[in-house]
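Comments concern the structure below.
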Amino acid sequence: QVQLVESGGGLVQPGGSLRLSCIASGFTFGSSYMYWVRQPPGKELEWVSYISPDGRETTYSDSTKGRFAISRDNEEKTLHLLMNRLTAEDTAVYYCARNHEGLGRGRGTQVTVST
């Protein structure tokens with residue numbers, strides 16, 4: 001059974017940083033592209049970033065490029081998202097997933113950027 005469990009969210013001030021983590025089980029993590037997606041309040045799910053199975057290829061949405069960094073540890077079956085220079089527009093529930101549409105995502109972790 002595919003399971004993805006996200007953690008690391010919280011309340012942070014504008015300009016701050018957070019590191020999200022996701023623990024995967026139930027599928028061949030080391031052979032899978034992995035994604036972070038997010039759902040801002042009242043909006044649709046949107047793709048944030050993805051990483052290739054070997055970690056050499058990473059891609060970011062225009063709104064997160066240069067501020068966010070995705071990484072993975074295939075031995076630990078974990079996915080990370082380091083988020084820097086956060087703004088109010090980054091407020092959302094963040095999910096790790098198996099595709100850009102959020103396939104297999106877990107319950108998510110709330111990130112709130114506010115003073």
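Naming works like this for the structure tokens: A, B, ... for the chains as they're shown, residue 1 at the start of each chain, ligands 1 onward in shown order.
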Legend entry - Those of chain A in DSSP strand (DSSP E), formatted as number ranges by chain: A: 3-7, 10-12, 18-25, 34-39, 46-51, 58-60, 68-73, 78-83, 92-97, 109-113
Legend entry - Residues within 12 Å of stretch 65-79 of chain A, only C-alpha atoms, excluding chain neighbours under 6 positions, as a ChimeraX atom specification: /A:3-8,15-37,48-59,85-87,90,95-98
Inset, instruction - Tell me which of A:Thr109, A:Thr91, A:Thr115, A:Gln1 sits closest to A:Pro41, counting only C-alpha atoms. - result: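 Between A:Thr109, A:Thr91, A:Thr115, A:Gln1, the residue approaching A:Pro41 most closely is A:Thr91.
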Inset, instruction - Kindly indicate which residue among A:Gln13, A:Leu81, A:Arg38, A:Glu44 lies nearest to A:Val93, using only C-alpha atoms for the distances. - result: A:Arg38
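For the set A:Val111, A:Asn84, A:Thr64, A:Gln39, the residue with the smallest atom-to-atom gap to A:Gly9 is A:Val111, counting only C-alpha atoms.
Remark: for A:Glu89, the closest of the candidate residues A:Pro40, A:Gly102, A:Asp62, A:Gly10 is A:Pro40 (distances computed over only C-alpha atoms).
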Legend entry - Given only C-alpha atoms as the counted atoms, nearest of A:Glu101, A:Trp47, A:Ser63, A:Ala92 to A:Ser114: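 Residue with the minimum atom-to-atom distance to A:Ser114: A:Ala92.
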